[in-house]
Number of protein chains: 2
Amino acid sequence: MILPNITKNYYKIITLFFYNLMKKILIIGSGNVAHHLSIALKNSGFEISQIFSRNLITSKKLASKIRCDFTNEIEKVQDYDLAVLCVKDDEIQNVVNQFDKRPIVHTSGSSGLSVFKNQKNLNGIVYPLQTFNKNTKININEVPFFIVSDDIVFKKELKRIFLKISGKAEIIAEDRLKRIHLAAVFACNFSTEMYSIAQEILMAENSDFENLKPLIYQNFKKIENNKIKTLRTGPAKRKDFTIINKHLETIRDPRLKKIYQAISDYITQND
Amino acid sequence: MILPNITKNYYKIITLFFYNLMKKILIIGSGNVAHHLSIALKNSGFEISQIFSRNLITSKKLASKIRCDFTNEIEKVQDYDLAVLCVKDDEIQNVVNQFDKRPIVHTSGSSGLSVFKNQKNLNGIVYPLQTFNKNTKININEVPFFIVSDDIVFKKELKRIFLKISGKAEIIAEDRLKRIHLAAVFACNFSTEMYSIAQEILMAENSDFENLKPLIYQNFKKIENNKIKTLRTGPAKRKDFTIINKHLETIRDPRLKKIYQAISDYITQND
């Protein structure tokens, strides 16, 4: 359903003149991100109107924590000012299509604004640069929130809202968000993959991963430093092609060989 | 100079019958590894006979800490029971050739026993699985020491010595050492490289690396888990080829593209 532009402009004007408009927030999803964001919003004085989620077990749990309503039926969704979408990337488009009446944001670093391309409601992205797990405490104050929207007023309102739960909320352009997400993939997913590969090599040796932990912890402290690149060590840094080739001979999995080769090339050629 | 086999056998026999033979240790090198190992050995009751290093400034500093002699002249090297070689990998062969009279070990995970191939003295490897920096305190008790030697008696003696400074000293075969070193390269050098790449992407955005630190710290805690692979997140884990391709388009440096592609392939094909 396409709403007339008047809805959009109504919000714009109201927001401009009555600061603090968006009070009632609908949380869509009941996973890790929904969990942390809804609690943080509630703690910052916002009203969580409902949890909307197809998973009634997790949404009931979350709703009881926040003391709010929950539903999995679109007809039972109550009035709200802003919907915050916290579902998996591949479900975003589907859910967005169902919520086209009111302002909405998704929280994905990778889905972009294109999921809203057929929408007339106010929309945007609020990307928290963090990995969330229900069972792990997160200092939400320190999580940077990156805000993207084509609407100049709406994005300011989003910034105001998320500055209430974190000291770091920044409006950025969509293409910058993509590159920040790319950086996060290297820093988070790919660094973990390096640890995972190391663990699997040791497992194949019947050697305990505990042996690597002191090294990993000590090495990890380095990232406190200003420029990580200057702290490189190891065979590639030394351009020790004898060792690099020995390692490549040692690796049996051709995909692992490619990873080793690609990273070593990058280090040896990029001093 | 090639010594008669009697020297080697003499040490074997003496070691067998008089436990605690090797008391006087010559440290070769005055860098980060020499620093931590010489202090740890001294603290464990060994006598550091001398620091031998071409760098008189750093060796003087280290010698004054340990209260021992130091020299850069081979003629002035005093009597010792065991030489512990802590020099850079590309200098090991050259130094080994000068010290062929007495038992010697190097401390490199990558150089192997081949550097001793022309030697008749007792020799081996004591590889501490750790990254050392003079200015950073290390809990040496927790550092695993991997011991390699062709001599069955000598390697036991090495284990005895290094068990005195660490709770973890293990005799292993040379080919296992190579694979453990390979694991260390992934866990240490390559994980750091992922953080470094993330930092450079953010720098190009004029975005502060501080923004990534909360994510990195939170994510890092995961490695406490038993099987890191099960904790994968991100586009490759989701087999989200749309995002993977968007990222590949975003990356301008072809070497970075190769890294991204190789790691993503590994994750998508290796669930």
# chains A, B, ... in the order shown; residues from 1 in each chain; ligands from 1
$ interface_residues --of "chain B" --to "chain A" --cutoff "8 Å" --atoms "only C-alpha atoms" --output "PyMOL selection string"
chain B and resi 110-111+129-131+138+142-144+176+178-180+182-199+201-202+205+211-212+214-216+218-220+223+227-229+232-234+243+247+250+255-256+258-259+262-263+265-266
$ select_by_dssp --residues "segment 89-270 of chain A" --states "alpha helix (DSSP H)" --output "PyMOL selection string"
chain A and resi 89-98+152-163+174-184+191-204+213-220+241-250+254-268
$ select_by_dssp --residues "segment 119-261 of chain B" --states "strand (DSSP E)" --output "count of residues only"
13
$ residues_around --residues "Ile92 of chain B" --least-positions-apart "5" --cutoff "12 Å" --atoms "only C-alpha atoms" --output "ChimeraX atom specification"
/B:28-29,84-87,97-99,104-116,125
$ write_last_selection --atoms "N, CA and C atoms" --output "PDB file, in the first residue's frame"
ATOM      1  N   ILE B  28      72.665 -16.061  23.106  1.00  0.00           N
ATOM      2  CA  ILE B  28      73.139 -15.409  21.879  1.00  0.00           C
ATOM      3  C   ILE B  28      72.008 -14.539  21.347  1.00  0.00           C
ATOM      4  N   GLY B  29      72.266 -13.252  21.291  1.00  0.00           N
ATOM      5  CA  GLY B  29      71.232 -12.290  20.904  1.00  0.00           C
ATOM      6  C   GLY B  29      70.858 -11.426  22.090  1.00  0.00           C
ATOM      7  N   VAL B  84      71.777 -20.725  23.960  1.00  0.00           N
ATOM      8  CA  VAL B  84      70.399 -20.515  23.525  1.00  0.00           C
ATOM      9  C   VAL B  84      70.396 -19.343  22.541  1.00  0.00           C
ATOM     10  N   LEU B  85      70.099 -19.694  21.317  1.00  0.00           N
ATOM     11  CA  LEU B  85      70.217 -18.760  20.203  1.00  0.00           C
ATOM     12  C   LEU B  85      68.899 -18.011  20.031  1.00  0.00           C
ATOM     13  N   CYS B  86      68.931 -16.693  20.234  1.00  0.00           N
ATOM     14  CA  CYS B  86      67.711 -15.884  20.100  1.00  0.00           C
ATOM     15  C   CYS B  86      67.973 -14.766  19.103  1.00  0.00           C
ATOM     16  N   VAL B  87      68.274 -15.146  17.869  1.00  0.00           N
ATOM     17  CA  VAL B  87      68.496 -14.118  16.840  1.00  0.00           C
ATOM     18  C   VAL B  87      67.442 -14.287  15.748  1.00  0.00           C
ATOM     19  N   ASN B  97      76.950 -21.577  12.621  1.00  0.00           N
ATOM     20  CA  ASN B  97      78.245 -21.994  12.077  1.00  0.00           C
ATOM     21  C   ASN B  97      79.421 -21.583  12.970  1.00  0.00           C
ATOM     22  N   GLN B  98      79.229 -20.536  13.755  1.00  0.00           N
ATOM     23  CA  GLN B  98      80.299 -20.068  14.646  1.00  0.00           C
ATOM     24  C   GLN B  98      80.313 -20.785  15.991  1.00  0.00           C
ATOM     25  N   PHE B  99      79.217 -21.445  16.324  1.00  0.00           N
ATOM     26  CA  PHE B  99      79.128 -22.086  17.647  1.00  0.00           C
ATOM     27  C   PHE B  99      78.937 -23.587  17.479  1.00  0.00           C
ATOM     28  N   ILE B 104      73.782 -26.587  21.625  1.00  0.00           N
ATOM     29  CA  ILE B 104      73.157 -25.335  21.183  1.00  0.00           C
ATOM     30  C   ILE B 104      71.703 -25.586  20.771  1.00  0.00           C
ATOM     31  N   VAL B 105      70.849 -24.631  21.065  1.00  0.00           N
ATOM     32  CA  VAL B 105      69.470 -24.680  20.558  1.00  0.00           C
ATOM     33  C   VAL B 105      69.128 -23.327  19.944  1.00  0.00           C
ATOM     34  N   HIS B 106      68.296 -23.362  18.904  1.00  0.00           N
ATOM     35  CA  HIS B 106      67.723 -22.087  18.469  1.00  0.00           C
ATOM     36  C   HIS B 106      66.255 -22.053  18.910  1.00  0.00           C
ATOM     37  N   THR B 107      65.652 -20.890  18.814  1.00  0.00           N
ATOM     38  CA  THR B 107      64.319 -20.696  19.400  1.00  0.00           C
ATOM     39  C   THR B 107      63.274 -20.335  18.338  1.00  0.00           C
ATOM     40  N   SER B 108      63.591 -20.686  17.092  1.00  0.00           N
ATOM     41  CA  SER B 108      62.701 -20.309  15.991  1.00  0.00           C
ATOM     42  C   SER B 108      61.719 -21.432  15.663  1.00  0.00           C
ATOM     43  N   GLY B 109      60.497 -21.054  15.389  1.00  0.00           N
ATOM     44  CA  GLY B 109      59.494 -22.046  15.020  1.00  0.00           C
ATOM     45  C   GLY B 109      59.585 -22.454  13.571  1.00  0.00           C
ATOM     46  N   SER B 110      60.366 -21.728  12.800  1.00  0.00           N
ATOM     47  CA  SER B 110      60.344 -21.960  11.360  1.00  0.00           C
ATOM     48  C   SER B 110      61.666 -22.445  10.784  1.00  0.00           C
ATOM     49  N   SER B 111      62.758 -22.348  11.543  1.00  0.00           N
ATOM     50  CA  SER B 111      64.058 -22.666  10.936  1.00  0.00           C
ATOM     51  C   SER B 111      64.382 -24.150  10.902  1.00  0.00           C
ATOM     52  N   GLY B 112      63.783 -24.927  11.731  1.00  0.00           N
ATOM     53  CA  GLY B 112      63.995 -26.373  11.698  1.00  0.00           C
ATOM     54  C   GLY B 112      65.374 -26.791  12.164  1.00  0.00           C
ATOM     55  N   LEU B 113      65.630 -28.099  12.040  1.00  0.00           N
ATOM     56  CA  LEU B 113      66.934 -28.642  12.447  1.00  0.00           C
ATOM     57  C   LEU B 113      67.957 -28.522  11.329  1.00  0.00           C
ATOM     58  N   SER B 114      67.502 -28.161  10.131  1.00  0.00           N
ATOM     59  CA  SER B 114      68.407 -28.174   8.978  1.00  0.00           C
ATOM     60  C   SER B 114      69.577 -27.198   9.145  1.00  0.00           C
ATOM     61  N   VAL B 115      69.403 -26.162   9.959  1.00  0.00           N
ATOM     62  CA  VAL B 115      70.515 -25.215  10.167  1.00  0.00           C
ATOM     63  C   VAL B 115      71.704 -25.877  10.855  1.00  0.00           C
ATOM     64  N   PHE B 116      71.438 -27.040  11.489  1.00  0.00           N
ATOM     65  CA  PHE B 116      72.525 -27.747  12.195  1.00  0.00           C
ATOM     66  C   PHE B 116      73.121 -28.872  11.355  1.00  0.00           C
ATOM     67  N   ILE B 125      65.925 -27.508  19.026  1.00  0.00           N
ATOM     68  CA  ILE B 125      65.084 -26.323  18.947  1.00  0.00           C
ATOM     69  C   ILE B 125      64.269 -26.235  20.236  1.00  0.00           C
TER      70      ILE B 125
END
$ residues_around --residues "segment 49-66 of chain B" --least-positions-apart "6" --cutoff "9 Å" --atoms "only C-alpha atoms" --output "ChimeraX atom specification"
/B:24-31,34-35,38-39,42,72-74,77-80,87
$ atom_distance --atom1 "atom CA of Asp150 of chain B" --atom2 "atom CA of Ile172 of chain B"
10.5 Å
$ closest_residue --among "B:Ile161, B:Lys23, B:Ile147, B:Glu47" --to "Asp69 of chain B" --atoms "only C-alpha atoms"
B:Glu47
$ atom_distance --atom1 "atom CA of Glu174 of chain A" --atom2 "atom CA of Val148 of chain A"
6.0 Å
